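Take a look at the structure set out below.
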Amino acid sequence: MNTIHQAVIDAIGKDISLSHPPDPKMGDIAIGCFELAKAEGVSPAEAAIALASDIQSKAVTLFERVEAIGPYVNIQLNGQEVARLVLNSLNDSFGTHTIGDHKKILVEFGCPNPMKAFHLGHLKNLITGESVARVLENAGYQVVRVNYQGDVGMHVAKALWGIFDWKDAFDDVADKSTKEKAEFLGNAYAHGAAAYDQSDEKKAEVEAYNAKVYAHDASIQDVYDTARAWSLEYFDNIYKRFHTHFDTFYFESNMYERGLEIVQTYLKKGVFKESEGAVIFEGSKYGLHDRVFVNSKGLPTYEAKDVALAEQHLKEKPDKIIHVVGKEQTEYFKVVFRALEEIFPESKGKEFHLPGGFLQLKGNQKMSSRTGNIVTGDELVAMVEDQIARIMKDAETPVDQNVCEKVTVAALVYVMLKADVTRDVAFDLEESVSTSGDSGPYLLYIVARIKGILNKTQNEKIDGQYDIPDTVHAAEKSLLLQLSLYPSATQSAADQMDPSHVARYLFTLAQSFNSFYDACPVLKAEGDERAFRLALIGRVLQTMERGLHLLGIETVERM
RNA sequence: GUCCUCGUAGUUAAAUGGAUAUAACAGGAGCCUUCUAAGCUCCGGUUCAAGGUUCGAUUCCUUGCGAGGACACCA
């Protein structure tokens, strides 16, 4: 509940739900009288007229105009009162919540596969996960960031095949940069994947590598350890660049033995079933589908490893475990969660899959690291960086590498988070580098504009003594009203685990600010009006910085 | 074939069952001797189809069409 809504409800003395009229000229607050009409047995229009006159009779100073239009009561608020309420409500805890009640929540994200390229989909997952974690922390949860990395399995076997086929190149790249090492591994993986599909003979060779990894075979161990370390180092650089970190790293290589053990134990207890030499969980009994947990060679599949992982997660005694993973795994998770309920009854109701929409390149075929048909995270970042640097070169301010980096990250993060996380994002490379309109740089721009003003008022306090002016400009009032909505945005982002609510809110706030900026000069104003406007932009800055922080975007002084 | 998602301006996205369906980009027209024009103001242009529930449907239900995903030994 935000300050303004609360004040309106208090003044009316009824617990009713409020909305906003379609056109600000009609008023600032709208009350739909459909429910009220039903309760009182009259038509909505009659209820609206009765309610409007009831409200008018209270003669509240906050209400400038109250009128019934059809089934709605529209209220025009007094700007001065709005200013007083909003500016007073912006304390240090503005927009934070206590609904989390310090409950522990595990957020699993990131999860790239070592020895495979880090592509756009991984970048989106990383950015989404970090922001979800921040939004939940902001709502009072104790968040533990966990990362589960697939350092064993067929993809590793394919990469190893590629590495050994290109052994000389592998040795050469050893003293190159982290980025070049990662590129080499990505290519080696694609090479191995192509070989796997090429002939039965090569397929068998790849499968042999898979068995060797599981057996800790000495002939591959050095290469395996080296390649794995290269990948992890590379990922670490990316995590830092996008302002994320992890509290715990889990590795598949530490899960398969325990996974196998658990599945075998519960096979005896009848949770799993043998079928065609494999061990399966019959999801079909529960309206789902069957899945293989241990293959006919006796090796655990991803499913079995996930069981061991769940055991590790549950040791943390979390209230919830959120898996931020692509939506193509929705059906998979349903089956695994169902199996987990049989094995670990305490997991019931705690495991959640937060499905991330696909990131598909517009006008291009689907990205696949298997075929090497991908845009890597690095390539995209470089593209955006070039674009930003070009714009900065045109501006009168000299190119500042630090600012360029921050604007680049802001542009990318915002593109990834502005749409509902579960929705597919048709990723347009052109649009991703856009720096105007609904974009990350647009948001940073208002921060730079505000700081530009504040820098010119060295000795003035943002919160000096002043009386709120008698006439509050329409642009000021709508900016104030927009500010008051920040807590609702952070609340729904936490409730739905969807940072896009914050992203959209910030964009609207920025629009509101830019209109204000155009209509209400700050430095030209004098006396109370100047002090009031300084206080107002100070609050906008504070709110903007907090909101951007929830998305994982750092602000700049100028741009 | 079975199951799961999803179909909104030219494009990308909004809209607890509520007013004239919002924005951004692209297109057209304006605004810099005035706090940063990465900005502001104005203009056109949209709910896949057919039924149903409802005072009221982009939203809920049914069918059709279209797109994507999952469906045994990959992760």
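Following the order of the structure tokens, first chain is A, next is B, and so on, with residues numbered from 1 inside each chain and ligands from 1 in the order they appear.
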Return as a PyMOL selection string the residues belonging to chain B that are within 9 Å of chain A, counting only C-alpha atoms (C1' of nucleotides). chain B and resi 3-6+12-14+18-20+23-25+34-36+38-40+69-75
Would you pick out the contacts of segment 9-20 of chain A at 7 Å or less, using only C-alpha atoms (C1' of nucleotides), so that residues sharing its chain but fewer than 6 positions from it are not included, and give the list as a PyMOL selection string? chain A and resi 28-31+55+60
May I have the selected residues written with C-alpha atoms, as a JSON list (two decimals), in the first residue's frame?
[["chain", "number", "residue", "atom", "x", "y", "z"],
["A", 28, "ASP", "CA", -5.63, 11.33, -9.90],
["A", 29, "ILE", "CA", -7.55, 8.58, -8.16],
["A", 30, "ALA", "CA", -10.51, 6.53, -9.33],
["A", 31, "ILE", "CA", -12.91, 4.40, -7.35],
["A", 55, "ILE", "CA", -16.78, 12.09, 0.28],
["A", 60, "VAL", "CA", -10.87, 16.85, 3.13]]
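If only C-alpha atoms are the atoms counted, then among A:His353, A:Lys38, A:His549, A:Lys158 the closest residue to Gly326 of chain A is A:His353.
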Contacts of Tyr505 of chain A within 8 Å, only C-alpha atoms (C1' of nucleotides), excl. fewer than 4 positions in-chain, as a CSV table (one decimal) with N, CA and C atoms, in the first residue's frame:
chain,number,residue,atom,x,y,z
A,486,TYR,N,6.4,3.5,-6.1
A,486,TYR,CA,7.6,2.7,-6.1
A,486,TYR,C,7.4,1.4,-5.2
A,489,ALA,N,5.6,-1.4,-6.9
A,489,ALA,CA,6.3,-2.0,-7.9
A,489,ALA,C,7.3,-3.1,-7.3
A,501,HIS,N,8.6,-5.8,-13.2
A,501,HIS,CA,7.7,-4.8,-12.6
A,501,HIS,C,8.5,-3.5,-12.2
A,509,LEU,N,8.8,6.3,-14.3
A,509,LEU,CA,9.3,7.4,-13.4
A,509,LEU,C,10.2,8.3,-14.2
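Proximity ranking of B:G44, B:G1, B:G51, B:G10 relative to U63 of chain B places B:G51 first, based on only C-alpha atoms (C1' of nucleotides).
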If you run DSSP on this backbone, which residues of segment 155-265 of chain A come out as strand (DSSP E), and could you give them as a PyMOL selection string? chain A and resi 248-251
